[in-house]
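Q: Right, I'll just put the structure down here and ask away after.
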Amino acid sequence: MAARADTMSNKSQGWPRIHFVYFALATLDVLAIIAGLLLSHRVITSYELGLERTAQFERGVNLLRNASDLLAETQTDVAAALYSVNVSFERSSFLGKINDARGFVERVPGELSDLLPEKAGARFSGLLLKAQKSIDAVEKNGMMIFSRVEGAEPHEAAMAMRQTSSRYVSLRYAMRDLNQYLVINLAGLRQADHAALDSLRTYEYLLGGLVVFIILCVVAYGHYVGALMKRKFTELQLALGRSEAAEKEATSSAASLRDINDEIVRLNNDLSRNMKALGDAQEELVRKGRMEQLGQLTATIAHELRNPLGTVRTSAFLLERRISGKGLGVETQFERINKGIVRCDNIITQLLDFSRTRQLNCQSGDLDSWLEQVLEEESKKLPAVVTVSCDLGLGGLMVPFDPSRLQRAIVNLLNNASEALVGQGDDPAKFATATPEIHVATRISGNGVGIDFMDNGPGIAADILQHIREPLFTTKSFGTGLGVPAIEQIAHQHGGRLDISSTEGRGATFTVWLPMTAKAGVAA
Amino acid sequence: MSRSLNILVVDDDAGNADSLAELFASENHRVIVAYDGQQAIEAFSLNKVDVGFFDVMMPNKNGVDSFMEIKAKHPSARIYFMTGYSADDLLDRAVKGGALGVFSKPVDLMRILETVEREAA
């Protein structure tokens with residue numbers, strides 16, 4: 001902004017001064033041109049006037065010369081009269097020449113009338129009059145001679161002839177004076193013209209000086225204005241540079257502001273993410289805390305219940321042995337006792353599966369081989385009517401897993417599927433299908449391996465599917481509602497997940513996904 | 001015909017210990033009963049024990065610690081464990097220290113009798 005204000009102030013103060021000087025120089029220039037034109041006009045006029053005057057003088061002088069020549073010739077005419085046989089011819093020739101000469105002389109003042117100054121004019125008129133009188137005297141003398149000759153008075157004629165010479169001498173002098181006077185005056189006029197031209201030349205020099213001065217002024221001022229403009233241009237450039245720098249700075253400031261803003265947004269996002277993570281971690285801690293408490297409680301209960309269960313089982317066994325074969329008919333009761341013990345044990349096992357928080361003991365192993373073995377072992381414990389088939393496709397892939405925990409998940413999955421197919425397996429009327437079948441398959445997908453448990457049971461209704469992962473949710477009269485949560489818990493502990501998909505009436509598929517690489521620090 | 005064994009049953013739950021002792025006795029074996037880990041060690045030092053069935057969680061001294069002590073004195077001792085829930089760390093130690101097997105409580109009686117039968121053979 002400061003740079004822009006500078007430029008503004010220069011514009012308001014510097015430029016009008018330049019305009020004024022330019023205006024003055026231009027005016028001076030125009031005046032010099034006008035003066036030059038006037039001067040040259042004067043020079044030309046003077047020159048023309050000089051030429052005109054010279055011509056006038058020359059014409060005057062010529063007239064006089066012609067008159068003089070004619071008058072000189074009249075002396076011959078007069079002289080011839082004495083011996084002429086035709087005097088009248090001589091007389092008319094004489095008179096013609098005298099008249100012509102007089103006519104020439106009379107025209108001279110007309111030619112020179114405006115050339116001679118007044119005083120000179122008077123002197124010229126005097127000389128002219130004297131010349132005219134001399135002509136008159138010559139004429140009178142001549143006419144007297146001609147009349148004497150014609151009157152046959154030779155003596156008188158000769159007397160007159162003697163006077164003729166003096167008359168012509170006077171005439172010659174008079175004409176010479178007139179001529180000289182004109183020549184003198186012409187010289188004077190020429191001198192005056194020269195003087196006038198000299199003075200004009202002085203003006204010319206002055207004008208030339210003025211023009212040179214103006215040119216110098218223009219050059220100097222041009223130089224000054226050039227320098228000024230250069231300075232202004234430099235200033236402008238600097239200002240522009242500053243403005244550009246300022247703009248750049250503004251742009252970079254804007255960019256860094258944007259960066260800061262982005263950073264703040266990012267930090268904000270991080271913060272909210274961290275807050276969420278913290279919240280999740282807190283929830284997880286609370287959940288873990290609860291799970292740990294539940295785990296401890298379950299462990300205690302399991303221990304406390306399994307001891308008396310063991311006592312009951314052993315005692316019942318001993319009792320059965322003692323009274324067997326005595327026909328007391330208590331076999332059914334003993335069977336009930338044993339089934340009750342098994343059921344209690346299963347409930348405790350499920351509780352332990354779900355609440356177990358101990359860190360996994362993962363080892364890399366051939367999952368397919370291990371699974372095949374487990375399935376063979378565990379399928380024996382299912383009702384005989386249920387067929388278990390498998391299609392293992394990992395091709396000896398080594399996968400990290402905790403065998404005892406994963407086995408619990410598999411037992412739960414098999415039990416769930418079996419119960420969906422045949423319930424407790426003791427009442428064929430309750431079987432979902434005549435050929436209950438569980439198909440187990442393994443496959444690789446992305447970074448994980450999937451173990452599918454597919455059954456051809458009744459499937460799971462959508463509303464049940466929604467709640468199936470919730471602890472204690474059960475549709476069975478004999479379930480704890482911890483089977484599916486326990487499976488999911490075990491999958492999560494491995495860093496994997498449990499997928500459940502089912503269409504009602506077309507069986508269900510439970511898939512345990514395990515990562516191919518071990519999850520660090522796994523706990524419930 | 002299998003021979004008669006000297007069996008040590010160790011369990012702080014008297015009902016359990018006594019009923020198992022009765023079961024083994026009914027199979028013509030001599031049974032010694034101990035109700036905690038310390039008693040088990042004493043019983044081992046005072047008697048010739050062919051096979052032992054130890055509970056894990058017990059007062060005074062747990063089954064695994066007493067097993068380790070016994071095993072240090074009698075490296076050839078044959079001992080099985082019984083547990084109400086899998087106390088994995090302890091059991092791992094026991095298995096690594098030479099325990100022969102683990103029975104979950106309530107013990108599957110057919111399995112335990114088969115085991116005893118095998119020991120007696």
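Going by the structure tokens order, chains are called A, B, ..., each with residues numbered from 1, while ligands are numbered from 1 in the order shown.
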Quick one: residues within 7 Å of Pro485 of chain A, only C-alpha atoms counted, chain neighbours fewer than 3 positions away excluded, as a ChimeraX atom specification?
A: /A:354,469-471,482,488-489
Q: Do you know which residues are at most 10 Å from Pro59 of chain B counting only C-alpha atoms, after dropping those on the same chain fewer than 2 positions away, and could you put them as a PyMOL selection string?
A: chain B and resi 11-12+35-38+56-57+61-63
Q: I'd like to know which of B:Leu23, B:Ala120, B:Val64, B:Leu46 is closest to chain A, using only C-alpha atoms.
A: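 Closest candidate: B:Leu23.
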Q: Write out as a list in words all residues of chain B that backbone DSSP assigns to strand (DSSP E).
A: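 The strand (DSSP E) subset of chain B is Asn6, Ile7, Leu8, Val9, Val10, Arg30, Val31, Ile32, Val33, Ala34, Val51, Gly52, Phe53, Phe54, Asp55, Ile79, Tyr80, Phe81, Met82, Thr83, Gly101, Val102, Phe103 and Ser104 of chain B.
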Q: Excluding Val9 of chain B and residues on its chain fewer than 5 positions from it, collect all residues at most 8 Å away from it, counting only C-alpha atoms, and give them as a ChimeraX atom specification.
A: /B:17,20-21,31-34,52-54
Q: Using only C-alpha atoms, can you tell me which of B:Ile7, B:Ile41, B:Ala25, B:Val49 comes closest to chain A?
A: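 Comparing B:Ile7, B:Ile41, B:Ala25, B:Val49 against chain A, the winner is B:Ala25.
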Q: Could you give me, as CSV, every chain A residue with an atom at most 12 Å from chain B, plus its closest atom pair and distance in Å to one decimal, counting only C-alpha atoms, rows ordered by chain then number?
A:
```
residue,atom,partner,partner_atom,distance
A:Gly295,CA,B:Tyr85,CA,11.2
A:Gln296,CA,B:Tyr85,CA,11.2
A:Thr298,CA,B:Tyr85,CA,9.5
A:Ala299,CA,B:Tyr85,CA,6.7
A:Thr300,CA,B:Tyr85,CA,8.9
A:Ile301,CA,B:Gly84,CA,9.3
A:Ala302,CA,B:Gly84,CA,6.2
A:His303,CA,B:Gly84,CA,4.6
A:Glu304,CA,B:Gly84,CA,7.8
A:Leu305,CA,B:Gly84,CA,8.1
A:Arg306,CA,B:Pro106,CA,5.4
A:Asn307,CA,B:Asn16,CA,6.2
A:Pro308,CA,B:Asn16,CA,6.9
A:Leu309,CA,B:Pro106,CA,5.7
A:Gly310,CA,B:Pro106,CA,4.0
A:Thr311,CA,B:Asn16,CA,4.5
A:Val312,CA,B:Asn16,CA,8.3
A:Arg313,CA,B:Pro106,CA,7.1
A:Thr314,CA,B:Ser19,CA,5.9
A:Ser315,CA,B:Ser19,CA,5.9
A:Ala316,CA,B:Ser19,CA,9.6
A:Phe317,CA,B:Leu109,CA,8.2
A:Leu318,CA,B:Leu23,CA,6.5
A:Leu319,CA,B:Leu23,CA,10.1
A:Glu320,CA,B:Leu23,CA,11.6
A:Arg321,CA,B:Ser26,CA,9.7
A:Arg322,CA,B:Ser26,CA,10.0
A:Asn338,CA,B:Asp108,CA,10.6
A:Gly340,CA,B:Pro106,CA,11.8
A:Ile341,CA,B:Pro106,CA,8.0
A:Val342,CA,B:Pro106,CA,8.5
A:Arg343,CA,B:Pro106,CA,11.3
A:Cys344,CA,B:Pro106,CA,9.8
A:Asp345,CA,B:Pro106,CA,7.3
A:Asn346,CA,B:Pro106,CA,10.7
A:Ile348,CA,B:Tyr85,CA,9.0
A:Thr349,CA,B:Tyr85,CA,8.2
A:Gln350,CA,B:Tyr85,CA,11.4
A:Leu351,CA,B:Tyr85,CA,10.8
A:Leu352,CA,B:Tyr85,CA,7.9
A:Asp353,CA,B:Tyr85,CA,10.4
A:Arg356,CA,B:Ser86,CA,10.2
A:Arg358,CA,B:Asp88,CA,9.0
A:Gln359,CA,B:Asp88,CA,10.5
A:Leu360,CA,B:Asp88,CA,10.6
A:Asn361,CA,B:Asp88,CA,9.7
A:Ser404,CA,B:Asp88,CA,9.9
A:Arg405,CA,B:Ser86,CA,11.0
```
Q: Convert the current residue selection to file output with C-alpha atoms, as a PDB file, in the first residue's frame.
A:
```
ATOM      1  CA  GLY A 295     -13.836 -64.372  34.224  1.00  0.00           C
ATOM      2  CA  GLN A 296     -12.711 -64.522  37.851  1.00  0.00           C
ATOM      3  CA  THR A 298     -16.768 -67.823  36.427  1.00  0.00           C
ATOM      4  CA  ALA A 299     -13.461 -69.465  37.294  1.00  0.00           C
ATOM      5  CA  THR A 300     -14.385 -69.546  40.969  1.00  0.00           C
ATOM      6  CA  ILE A 301     -17.858 -70.870  40.242  1.00  0.00           C
ATOM      7  CA  ALA A 302     -16.477 -73.429  37.811  1.00  0.00           C
ATOM      8  CA  HIS A 303     -14.000 -74.650  40.401  1.00  0.00           C
ATOM      9  CA  GLU A 304     -16.554 -74.674  43.202  1.00  0.00           C
ATOM     10  CA  LEU A 305     -19.215 -76.405  41.136  1.00  0.00           C
ATOM     11  CA  ARG A 306     -17.074 -78.927  39.370  1.00  0.00           C
ATOM     12  CA  ASN A 307     -15.744 -80.390  42.608  1.00  0.00           C
ATOM     13  CA  PRO A 308     -19.198 -81.299  43.933  1.00  0.00           C
ATOM     14  CA  LEU A 309     -20.184 -82.383  40.424  1.00  0.00           C
ATOM     15  CA  GLY A 310     -17.185 -84.712  40.479  1.00  0.00           C
ATOM     16  CA  THR A 311     -18.225 -86.005  43.872  1.00  0.00           C
ATOM     17  CA  VAL A 312     -21.766 -86.595  42.654  1.00  0.00           C
ATOM     18  CA  ARG A 313     -20.573 -88.349  39.527  1.00  0.00           C
ATOM     19  CA  THR A 314     -18.137 -90.622  41.358  1.00  0.00           C
ATOM     20  CA  SER A 315     -20.573 -91.381  44.151  1.00  0.00           C
ATOM     21  CA  ALA A 316     -23.372 -92.137  41.704  1.00  0.00           C
ATOM     22  CA  PHE A 317     -20.990 -94.369  39.786  1.00  0.00           C
ATOM     23  CA  LEU A 318     -20.024 -96.269  42.946  1.00  0.00           C
ATOM     24  CA  LEU A 319     -23.636 -96.522  43.996  1.00  0.00           C
ATOM     25  CA  GLU A 320     -24.672 -97.766  40.581  1.00  0.00           C
ATOM     26  CA  ARG A 321     -21.965-100.439  40.700  1.00  0.00           C
ATOM     27  CA  ARG A 322     -23.059-101.597  44.128  1.00  0.00           C
ATOM     28  CA  ASN A 338     -25.200 -88.466  34.654  1.00  0.00           C
ATOM     29  CA  GLY A 340     -27.535 -83.646  34.510  1.00  0.00           C
ATOM     30  CA  ILE A 341     -23.873 -83.690  35.436  1.00  0.00           C
ATOM     31  CA  VAL A 342     -22.837 -83.434  31.763  1.00  0.00           C
ATOM     32  CA  ARG A 343     -25.256 -80.560  31.193  1.00  0.00           C
ATOM     33  CA  CYS A 344     -23.995 -78.678  34.245  1.00  0.00           C
ATOM     34  CA  ASP A 345     -20.466 -79.227  33.044  1.00  0.00           C
ATOM     35  CA  ASN A 346     -21.330 -77.915  29.573  1.00  0.00           C
ATOM     36  CA  ILE A 348     -19.755 -74.159  33.084  1.00  0.00           C
ATOM     37  CA  THR A 349     -17.565 -74.769  30.025  1.00  0.00           C
ATOM     38  CA  GLN A 350     -19.550 -72.252  27.960  1.00  0.00           C
ATOM     39  CA  LEU A 351     -19.319 -69.700  30.739  1.00  0.00           C
ATOM     40  CA  LEU A 352     -15.569 -70.269  30.857  1.00  0.00           C
ATOM     41  CA  ASP A 353     -15.299 -69.979  27.050  1.00  0.00           C
ATOM     42  CA  ARG A 356     -11.939 -66.197  29.480  1.00  0.00           C
ATOM     43  CA  ARG A 358      -6.281 -64.858  29.357  1.00  0.00           C
ATOM     44  CA  GLN A 359      -3.876 -63.915  26.539  1.00  0.00           C
ATOM     45  CA  LEU A 360      -3.822 -66.334  23.640  1.00  0.00           C
ATOM     46  CA  ASN A 361      -1.036 -68.812  23.279  1.00  0.00           C
ATOM     47  CA  SER A 404      -7.118 -74.952  22.913  1.00  0.00           C
ATOM     48  CA  ARG A 405      -9.128 -71.759  22.375  1.00  0.00           C
TER      49      ARG A 405
END
```
